[in-house]
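A.B. asks: Contents of final-v1.cif (mmCIF, C-alpha atoms and all ligand atoms) are below:
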data_data
loop_
_atom_site.group_PDB
_atom_site.id
_atom_site.type_symbol
_atom_site.label_atom_id
_atom_site.label_comp_id
_atom_site.auth_asym_id
_atom_site.auth_seq_id
_atom_site.Cartn_x
_atom_site.Cartn_y
_atom_site.Cartn_z
ATOM 1 C CA MET A 1 -49.697 70.143 43.866
ATOM 2 C CA ASN A 2 -50.565 73.606 42.566
ATOM 3 C CA HIS A 3 -48.081 76.232 43.665
ATOM 4 C CA PRO A 4 -49.119 79.892 44.031
ATOM 5 C CA PHE A 5 -48.093 82.189 41.190
ATOM 6 C CA ILE A 6 -46.219 84.340 43.687
ATOM 7 C CA ASP A 7 -45.515 83.484 47.318
ATOM 8 C CA VAL A 8 -43.691 85.954 49.530
ATOM 9 C CA LYS A 9 -42.855 84.997 53.106
ATOM 10 C CA GLY A 10 -41.303 87.271 55.722
ATOM 11 C CA LEU A 11 -39.534 89.336 53.074
ATOM 12 C CA THR A 12 -37.325 92.093 54.420
ATOM 13 C CA LYS A 13 -35.164 94.137 52.068
ATOM 14 C CA LYS A 14 -32.729 96.802 53.128
ATOM 15 C CA TYR A 15 -30.639 99.225 51.087
ATOM 16 C CA ARG A 16 -27.826 100.087 53.499
ATOM 17 C CA ARG A 17 -29.714 101.628 56.414
ATOM 18 C CA LYS A 18 -33.044 102.117 54.609
ATOM 19 C CA THR A 19 -35.508 99.265 55.118
ATOM 20 C CA ALA A 20 -37.562 99.211 51.898
ATOM 21 C CA LEU A 21 -39.657 96.114 52.722
ATOM 22 C CA LYS A 22 -40.569 95.033 56.236
ATOM 23 C CA LYS A 23 -41.424 91.348 56.748
ATOM 24 C CA ILE A 24 -43.829 91.162 53.844
ATOM 25 C CA ASP A 25 -46.155 88.184 53.408
ATOM 26 C CA LEU A 26 -48.137 87.900 50.186
ATOM 27 C CA THR A 27 -49.676 85.025 48.265
ATOM 28 C CA ILE A 28 -51.053 85.381 44.759
ATOM 29 C CA ASP A 29 -52.706 82.091 43.955
ATOM 30 C CA SER A 30 -55.100 83.068 41.180
ATOM 31 C CA PRO A 31 -54.412 84.428 37.725
ATOM 32 C CA GLY A 32 -55.667 87.866 36.683
ATOM 33 C CA LEU A 33 -54.705 91.514 36.918
ATOM 34 C CA ILE A 34 -53.210 92.538 40.242
ATOM 35 C CA GLY A 35 -52.789 96.211 41.135
ATOM 36 C CA LEU A 36 -49.830 97.172 43.328
ATOM 37 C CA VAL A 37 -50.499 100.612 44.723
ATOM 38 C CA GLY A 38 -48.771 102.870 47.211
ATOM 39 C CA PRO A 39 -47.201 106.298 47.605
ATOM 40 C CA ASN A 40 -43.734 107.127 46.239
ATOM 41 C CA GLY A 41 -41.045 105.205 48.055
ATOM 42 C CA SER A 42 -43.430 102.665 49.589
ATOM 43 C CA GLY A 43 -41.495 99.673 48.218
ATOM 44 C CA LYS A 44 -43.410 98.694 45.047
ATOM 45 C CA SER A 45 -40.375 98.576 42.752
ATOM 46 C CA THR A 46 -38.316 96.768 45.364
ATOM 47 C CA LEU A 47 -41.022 94.105 45.692
ATOM 48 C CA LEU A 48 -41.312 93.654 41.911
ATOM 49 C CA LYS A 49 -37.546 93.569 41.388
ATOM 50 C CA THR A 50 -37.159 90.987 44.138
ATOM 51 C CA ALA A 51 -39.945 88.863 42.610
ATOM 52 C CA ALA A 52 -38.198 89.174 39.235
ATOM 53 C CA GLY A 53 -34.946 87.867 40.740
ATOM 54 C CA LEU A 54 -33.122 91.144 40.126
ATOM 55 C CA LEU A 55 -32.636 91.891 43.817
ATOM 56 C CA ARG A 56 -31.810 89.362 46.465
ATOM 57 C CA PRO A 57 -34.208 89.141 49.365
ATOM 58 C CA GLY A 58 -32.502 90.198 52.578
ATOM 59 C CA LYS A 59 -34.533 87.980 54.894
ATOM 60 C CA GLY A 60 -37.433 85.752 53.953
ATOM 61 C CA SER A 61 -38.280 84.075 50.691
ATOM 62 C CA VAL A 62 -39.984 84.661 47.372
ATOM 63 C CA THR A 63 -41.137 81.825 45.152
ATOM 64 C CA ILE A 64 -42.786 81.879 41.757
ATOM 65 C CA LEU A 65 -44.761 78.719 41.001
ATOM 66 C CA GLY A 66 -42.888 76.973 43.781
ATOM 67 C CA GLU A 67 -39.431 77.946 42.537
ATOM 68 C CA THR A 68 -37.232 80.192 44.666
ATOM 69 C CA VAL A 69 -36.492 83.330 42.715
ATOM 70 C CA SER A 70 -33.051 83.919 41.340
ATOM 71 C CA ARG A 71 -31.846 85.253 38.015
ATOM 72 C CA ARG A 72 -32.916 81.905 36.548
ATOM 73 C CA ILE A 73 -36.552 82.749 37.303
ATOM 74 C CA ALA A 74 -36.544 84.734 34.053
ATOM 75 C CA ASP A 75 -38.300 81.844 32.333
ATOM 76 C CA GLN A 76 -41.272 82.127 34.716
ATOM 77 C CA ALA A 77 -41.601 85.892 35.056
ATOM 78 C CA ALA A 78 -41.393 88.761 32.578
ATOM 79 C CA TYR A 79 -40.376 92.056 34.151
ATOM 80 C CA LEU A 80 -41.010 95.472 32.666
ATOM 81 C CA ALA A 81 -38.686 97.943 34.334
ATOM 82 C CA GLU A 82 -39.692 101.482 35.236
ATOM 83 C CA VAL A 83 -36.426 102.587 33.672
ATOM 84 C CA ASP A 84 -35.809 101.807 30.031
ATOM 85 C CA SER A 85 -34.569 98.384 29.031
ATOM 86 C CA LEU A 86 -34.090 99.092 25.321
ATOM 87 C CA TYR A 87 -30.811 99.754 23.501
ATOM 88 C CA ASP A 88 -30.753 103.080 21.660
ATOM 89 C CA TYR A 89 -28.530 101.831 18.836
ATOM 90 C CA GLN A 90 -30.890 99.013 17.811
ATOM 91 C CA THR A 91 -33.795 99.305 15.432
ATOM 92 C CA VAL A 92 -37.118 98.046 16.767
ATOM 93 C CA ARG A 93 -36.732 94.952 14.564
ATOM 94 C CA GLN A 94 -33.241 94.290 15.978
ATOM 95 C CA ALA A 95 -34.620 94.695 19.504
ATOM 96 C CA VAL A 96 -37.218 92.015 18.736
ATOM 97 C CA VAL A 97 -34.507 89.624 17.487
ATOM 98 C CA PHE A 98 -32.403 90.452 20.544
ATOM 99 C CA PHE A 99 -35.259 89.637 22.952
ATOM 100 C CA SER A 100 -36.015 86.399 21.070
ATOM 101 C CA ARG A 101 -32.406 85.305 21.665
ATOM 102 C CA VAL A 102 -32.468 86.219 25.339
ATOM 103 C CA TYR A 103 -35.837 84.630 26.152
ATOM 104 C CA PRO A 104 -36.756 81.192 24.722
ATOM 105 C CA ASP A 105 -40.452 81.902 25.458
ATOM 106 C CA PHE A 106 -40.419 85.100 23.360
ATOM 107 C CA SER A 107 -42.686 85.016 20.297
ATOM 108 C CA VAL A 108 -41.352 87.088 17.396
ATOM 109 C CA GLU A 109 -44.705 86.634 15.668
ATOM 110 C CA LYS A 110 -46.618 88.030 18.647
ATOM 111 C CA ALA A 111 -44.164 90.938 19.018
ATOM 112 C CA GLU A 112 -44.544 91.843 15.342
ATOM 113 C CA SER A 113 -48.298 91.599 15.549
ATOM 114 C CA LEU A 114 -48.404 93.821 18.678
ATOM 115 C CA LEU A 115 -46.052 96.363 17.112
ATOM 116 C CA GLY A 116 -48.215 96.358 13.969
ATOM 117 C CA GLU A 117 -51.312 96.937 16.073
ATOM 118 C CA LEU A 118 -49.506 99.854 17.745
ATOM 119 C CA LYS A 119 -48.483 101.189 14.321
ATOM 120 C CA ILE A 120 -44.773 101.131 15.165
ATOM 121 C CA ASP A 121 -42.369 101.311 12.229
ATOM 122 C CA THR A 122 -39.985 98.458 13.092
ATOM 123 C CA GLY A 123 -37.242 99.950 10.911
ATOM 124 C CA MET A 124 -36.928 102.944 13.269
ATOM 125 C CA LYS A 125 -33.966 103.237 15.622
ATOM 126 C CA ILE A 126 -34.958 103.025 19.291
ATOM 127 C CA LYS A 127 -33.232 106.368 19.923
ATOM 128 C CA SER A 128 -35.496 108.070 17.332
ATOM 129 C CA LEU A 129 -38.734 106.922 18.944
ATOM 130 C CA SER A 130 -40.960 109.357 20.782
ATOM 131 C CA LYS A 131 -41.464 108.728 24.504
ATOM 132 C CA GLY A 132 -44.910 107.249 23.803
ATOM 133 C CA ASN A 133 -43.621 104.933 21.070
ATOM 134 C CA ARG A 134 -40.742 103.812 23.255
ATOM 135 C CA ALA A 135 -43.261 102.889 25.949
ATOM 136 C CA ARG A 136 -45.349 101.051 23.318
ATOM 137 C CA VAL A 137 -42.296 99.044 22.187
ATOM 138 C CA LYS A 138 -41.445 98.216 25.813
ATOM 139 C CA ILE A 139 -44.901 96.825 26.488
ATOM 140 C CA ALA A 140 -45.003 94.933 23.168
ATOM 141 C CA VAL A 141 -41.730 93.089 23.843
ATOM 142 C CA THR A 142 -42.865 92.271 27.383
ATOM 143 C CA LEU A 143 -46.271 90.955 26.290
ATOM 144 C CA ALA A 144 -44.617 88.884 23.549
ATOM 145 C CA ARG A 145 -43.306 86.520 26.210
ATOM 146 C CA ASP A 146 -45.276 83.433 27.140
ATOM 147 C CA VAL A 147 -44.765 83.315 30.905
ATOM 148 C CA PRO A 148 -47.090 82.616 33.847
ATOM 149 C CA VAL A 149 -46.134 85.809 35.722
ATOM 150 C CA LEU A 150 -45.767 89.345 34.380
ATOM 151 C CA LEU A 151 -44.357 92.067 36.634
ATOM 152 C CA LEU A 152 -45.016 95.521 35.198
ATOM 153 C CA ASP A 153 -43.379 98.375 37.091
ATOM 154 C CA GLU A 154 -45.319 101.570 36.381
ATOM 155 C CA PRO A 155 -45.921 100.935 32.677
ATOM 156 C CA LEU A 156 -48.245 103.978 32.514
ATOM 157 C CA SER A 157 -46.033 106.469 34.318
ATOM 158 C CA GLY A 158 -45.168 109.749 32.600
ATOM 159 C CA LEU A 159 -47.287 109.049 29.527
ATOM 160 C CA ASP A 160 -50.152 111.064 28.088
ATOM 161 C CA PRO A 161 -53.722 109.777 28.598
ATOM 162 C CA ILE A 162 -54.018 108.396 25.044
ATOM 163 C CA VAL A 163 -50.849 106.292 25.297
ATOM 164 C CA ARG A 164 -51.830 105.170 28.815
ATOM 165 C CA GLU A 165 -55.203 103.964 27.612
ATOM 166 C CA GLU A 166 -53.655 102.187 24.644
ATOM 167 C CA ILE A 167 -51.067 100.417 26.804
ATOM 168 C CA LEU A 168 -53.667 99.401 29.368
ATOM 169 C CA LYS A 169 -55.868 97.967 26.615
ATOM 170 C CA MET A 170 -52.877 96.018 25.247
ATOM 171 C CA ILE A 171 -52.241 94.539 28.687
ATOM 172 C CA ILE A 172 -55.879 93.478 29.048
ATOM 173 C CA ARG A 173 -56.194 92.160 25.509
ATOM 174 C CA HIS A 174 -52.871 90.387 25.228
ATOM 175 C CA THR A 175 -52.343 88.771 28.607
ATOM 176 C CA ASP A 176 -54.277 85.617 29.322
ATOM 177 C CA LEU A 177 -55.992 86.655 32.533
ATOM 178 C CA ASN A 178 -57.203 83.083 33.079
ATOM 179 C CA ARG A 179 -53.707 81.675 32.957
ATOM 180 C CA GLN A 180 -51.272 84.458 33.800
ATOM 181 C CA ALA A 181 -50.859 86.577 36.937
ATOM 182 C CA THR A 182 -50.043 90.118 35.839
ATOM 183 C CA VAL A 183 -48.920 92.552 38.528
ATOM 184 C CA ILE A 184 -49.039 96.216 37.581
ATOM 185 C CA SER A 185 -47.710 98.913 39.881
ATOM 186 C CA THR A 186 -49.321 102.243 39.281
ATOM 187 C CA HIS A 187 -50.361 105.582 40.684
ATOM 188 C CA GLU A 188 -53.262 105.711 38.214
ATOM 189 C CA VAL A 189 -55.650 103.646 40.317
ATOM 190 C CA ALA A 190 -58.915 105.019 38.907
ATOM 191 C CA GLU A 191 -57.682 104.192 35.413
ATOM 192 C CA VAL A 192 -56.925 100.540 36.150
ATOM 193 C CA GLU A 193 -59.697 99.869 38.684
ATOM 194 C CA PRO A 194 -62.268 98.568 36.141
ATOM 195 C CA PHE A 195 -59.840 95.815 35.098
ATOM 196 C CA LEU A 196 -58.410 94.758 38.456
ATOM 197 C CA ASP A 197 -59.039 91.339 39.988
ATOM 198 C CA TYR A 198 -56.851 91.834 43.023
ATOM 199 C CA ILE A 199 -55.400 94.831 44.843
ATOM 200 C CA ILE A 200 -52.373 95.271 47.077
ATOM 201 C CA PHE A 201 -51.841 98.487 49.040
ATOM 202 C CA VAL A 202 -48.308 99.148 50.292
ATOM 203 C CA LYS A 203 -46.989 101.918 52.484
ATOM 204 C CA ASP A 204 -43.622 102.393 54.189
ATOM 205 C CA GLY A 205 -42.500 98.890 53.199
ATOM 206 C CA SER A 206 -45.554 97.094 54.605
ATOM 207 C CA ILE A 207 -48.621 95.628 52.944
ATOM 208 C CA LEU A 208 -51.630 97.343 54.487
ATOM 209 C CA LEU A 209 -54.254 95.433 52.528
ATOM 210 C CA SER A 210 -54.220 92.700 49.919
ATOM 211 C CA GLU A 211 -57.604 91.583 48.770
ATOM 212 C CA ASP A 212 -59.655 90.208 45.942
ATOM 213 C CA VAL A 213 -61.374 93.261 44.423
ATOM 214 C CA GLU A 214 -64.824 91.663 44.432
ATOM 215 C CA THR A 215 -64.454 90.739 48.113
ATOM 216 C CA LEU A 216 -63.235 94.248 48.890
ATOM 217 C CA ARG A 217 -66.300 95.773 47.217
ATOM 218 C CA GLU A 218 -68.644 93.365 49.032
ATOM 219 C CA THR A 219 -67.127 93.463 52.507
ATOM 220 C CA ARG A 220 -66.143 97.136 52.637
ATOM 221 C CA GLY A 221 -68.836 98.461 50.320
ATOM 222 C CA GLN A 222 -66.120 100.587 48.714
ATOM 223 C CA SER A 223 -64.503 101.023 45.331
ATOM 224 C CA VAL A 224 -60.768 100.415 45.094
ATOM 225 C CA VAL A 225 -60.191 104.172 44.902
ATOM 226 C CA GLN A 226 -62.251 104.767 48.059
ATOM 227 C CA ALA A 227 -60.465 101.937 49.897
ATOM 228 C CA MET A 228 -57.101 103.343 48.783
ATOM 229 C CA ARG A 229 -57.946 106.770 50.207
ATOM 230 C CA GLU A 230 -58.921 105.220 53.526
ATOM 231 C CA VAL A 231 -56.152 102.622 53.812
ATOM 232 C CA LEU A 232 -53.247 104.741 52.592
ATOM 233 C CA SER A 233 -54.194 108.051 54.248
HETATM 234 N N1 LIG A 301 -30.889 101.507 45.154
HETATM 235 C C1 LIG A 301 -31.358 102.063 46.270
HETATM 236 N N2 LIG A 301 -30.525 102.508 47.229
HETATM 237 C C2 LIG A 301 -30.982 103.068 48.387
HETATM 238 N N3 LIG A 301 -32.295 103.203 48.666
HETATM 239 C C3 LIG A 301 -33.170 102.785 47.747
HETATM 240 C C4 LIG A 301 -32.759 102.197 46.496
HETATM 241 N N4 LIG A 301 -33.866 101.873 45.775
HETATM 242 C C5 LIG A 301 -34.921 102.250 46.543
HETATM 243 N N5 LIG A 301 -34.507 102.794 47.707
HETATM 244 C C6 LIG A 301 -35.370 103.296 48.792
HETATM 245 O O1 LIG A 301 -36.230 102.232 49.192
HETATM 246 C C7 LIG A 301 -37.555 102.714 49.419
HETATM 247 C C8 LIG A 301 -38.531 101.982 48.500
HETATM 248 O O2 LIG A 301 -38.247 102.372 47.150
HETATM 249 P P1 LIG A 301 -39.043 101.777 45.908
HETATM 250 O O3 LIG A 301 -38.387 102.325 44.675
HETATM 251 O O4 LIG A 301 -39.158 100.311 46.046
HETATM 252 O O5 LIG A 301 -40.491 102.448 46.102
HETATM 253 P P2 LIG A 301 -41.677 102.657 45.078
HETATM 254 O O6 LIG A 301 -42.937 102.409 45.847
HETATM 255 O O7 LIG A 301 -41.457 101.835 43.856
HETATM 256 O O8 LIG A 301 -41.561 104.205 44.721
HETATM 257 P P3 LIG A 301 -42.041 105.018 43.421
HETATM 258 O O9 LIG A 301 -43.539 104.972 43.394
HETATM 259 O O10 LIG A 301 -41.531 106.389 43.699
HETATM 260 O O11 LIG A 301 -41.396 104.384 42.223
HETATM 261 C C9 LIG A 301 -37.502 104.227 49.183
HETATM 262 O O12 LIG A 301 -37.320 104.853 50.430
HETATM 263 C C10 LIG A 301 -36.281 104.416 48.305
HETATM 264 O O13 LIG A 301 -35.711 105.669 48.511
#
Can the structure in the file be given as structure tokens, please?
Ligand SMILES: Nc1ncnc2c1ncn2[C@@H]1O[C@H](COP(=O)(O)OP(=O)(O)OP(=O)(O)O)[C@@H](O)[C@H]1O

C.D. replies:
Amino acid sequence: MNHPFIDVKGLTKKYRRKTALKKIDLTIDSPGLIGLVGPNGSGKSTLLKTAAGLLRPGKGSVTILGETVSRRIADQAAYLAEVDSLYDYQTVRQAVVFFSRVYPDFSVEKAESLLGELKIDTGMKIKSLSKGNRARVKIAVTLARDVPVLLLDEPLSGLDPIVREEILKMIIRHTDLNRQATVISTHEVAEVEPFLDYIIFVKDGSILLSEDVETLRETRGQSVVQAMREVLS
């Protein structure tokens, strides 16, 4: 039996009194690039962190390829945090070795090739990297993992247009969109629209629309950006 890449059922997540996710249902059963879009505070990070096993669901369930998420799900899903996950005191090369020890599916060869493509000097200390290069290293070590699900929390946020374009191209070129489901949360919808297979709009902790992009264009006669303006307004 083929399990969905991601299956969320009745997921409610509260932080003290704030309900961040309200009874969310979502099934991602095809590979490809999935856009997760919504205003600030709509619950995107909470959804990704819960799918990555970093937050416990309050009520409901989240499975990845049929397995209930927990910290052990790390071998099925790679998570790129919005906040930095690199250690300042390491060199880029040491960070690569570190990740290869933490994740059995991590390919040092792929990481080195991606970093080479991005023209990163692997002898540099993480703390000496520019903001753009730090973001490049973050994406390279995430894409160097061979996992069915990638959860990328705002990988383009706060970066200049050149770095954003480069990172987006890396994601497209170096994820296997026929085999992996890659969720990317972003505010830069127009930028990612040409590459999206699936779109999820969230607002106030609820999913307002989740749809195959081709179906959305056919049934609504709208681009993703137009649909976003209508659905999220
Ligand atoms: N650790 C926390 N403690 C208390 N409330 C939190 C915490 N993390 C998130 N929240 C609240 O939960 C709601 C959803 O936050 P979340 O970060 O998931 O949204 P988001 O869509 O990722 O936002 P952004 O686009 O600004 O990153 C917000 O109201 C936020 O203030």

A.B. asks: Could the residues that lie within 12 Å of ligand LIG 301 (chain A), counting only C-alpha atoms and all ligand atoms, be listed as a short mmCIF file (atom, residue, chain, number, x, y, z; two decimals) with C-alpha atoms, keeping the file's coordinate frame?

C.D. replies:
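And here's out-v2.cif as it stands now:
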data_model
loop_
_atom_site.label_atom_id
_atom_site.label_comp_id
_atom_site.auth_asym_id
_atom_site.auth_seq_id
_atom_site.Cartn_x
_atom_site.Cartn_y
_atom_site.Cartn_z
CA THR A 12 -37.33 92.09 54.42
CA LYS A 13 -35.16 94.14 52.07
CA LYS A 14 -32.73 96.80 53.13
CA TYR A 15 -30.64 99.22 51.09
CA ARG A 16 -27.83 100.09 53.50
CA ARG A 17 -29.71 101.63 56.41
CA LYS A 18 -33.04 102.12 54.61
CA THR A 19 -35.51 99.26 55.12
CA ALA A 20 -37.56 99.21 51.90
CA LEU A 21 -39.66 96.11 52.72
CA LYS A 22 -40.57 95.03 56.24
CA LEU A 36 -49.83 97.17 43.33
CA VAL A 37 -50.50 100.61 44.72
CA GLY A 38 -48.77 102.87 47.21
CA PRO A 39 -47.20 106.30 47.60
CA ASN A 40 -43.73 107.13 46.24
CA GLY A 41 -41.04 105.20 48.06
CA SER A 42 -43.43 102.66 49.59
CA GLY A 43 -41.50 99.67 48.22
CA LYS A 44 -43.41 98.69 45.05
CA SER A 45 -40.38 98.58 42.75
CA THR A 46 -38.32 96.77 45.36
CA LEU A 47 -41.02 94.10 45.69
CA LEU A 48 -41.31 93.65 41.91
CA LYS A 49 -37.55 93.57 41.39
CA THR A 50 -37.16 90.99 44.14
CA ALA A 51 -39.94 88.86 42.61
CA LEU A 54 -33.12 91.14 40.13
CA LEU A 55 -32.64 91.89 43.82
CA ALA A 81 -38.69 97.94 34.33
CA GLU A 82 -39.69 101.48 35.24
CA VAL A 83 -36.43 102.59 33.67
CA LEU A 152 -45.02 95.52 35.20
CA ASP A 153 -43.38 98.38 37.09
CA GLU A 154 -45.32 101.57 36.38
CA PRO A 155 -45.92 100.94 32.68
CA LEU A 156 -48.24 103.98 32.51
CA SER A 157 -46.03 106.47 34.32
CA GLY A 158 -45.17 109.75 32.60
CA ILE A 184 -49.04 96.22 37.58
CA SER A 185 -47.71 98.91 39.88
CA THR A 186 -49.32 102.24 39.28
CA HIS A 187 -50.36 105.58 40.68
CA GLU A 188 -53.26 105.71 38.21
CA ILE A 200 -52.37 95.27 47.08
CA PHE A 201 -51.84 98.49 49.04
CA VAL A 202 -48.31 99.15 50.29
CA LYS A 203 -46.99 101.92 52.48
CA ASP A 204 -43.62 102.39 54.19
CA GLY A 205 -42.50 98.89 53.20
CA SER A 206 -45.55 97.09 54.60
CA ILE A 207 -48.62 95.63 52.94
#

A.B. asks: Emit as JSON the padded axis-aligned box for all listed atoms of stretch 45-52 of chain A, 8 Å per side, with centre and edge lengths in Å to one decimal.

C.D. replies:
{"center_x": -39.2, "center_y": 93.7, "center_z": 42.5, "size_x": 20.2, "size_y": 25.7, "size_z": 22.5}

A.B. asks: Just give me the gap between atom CA of A:Ala140 and atom CA of A:Val96 in Å, one decimal is fine.

C.D. replies: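 Between these atoms lies a distance of 9.4 Å.
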
A.B. asks: For this structure, which residues satisfy the selection - the PyMOL selection byres (((chain A and resi 88) around 8) and not hetatm) - when it is evaluated on the file as given? I want them as a ChimeraX atom specification.

C.D. replies: /A:86-87,89-91,125-127

A.B. asks: At what distance in Å, to one decimal, does atom CA of A:Met124 lie from atom CA of A:Ile139?

C.D. replies: 16.6 Å

A.B. asks: Using all atoms listed in the file, can you tell me which of A:Asp105, A:Glu165, A:Glu211, A:Glu117 comes closest to A:Thr27?

C.D. replies: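 Residue with the minimum atom-to-atom distance to A:Thr27: A:Glu211.
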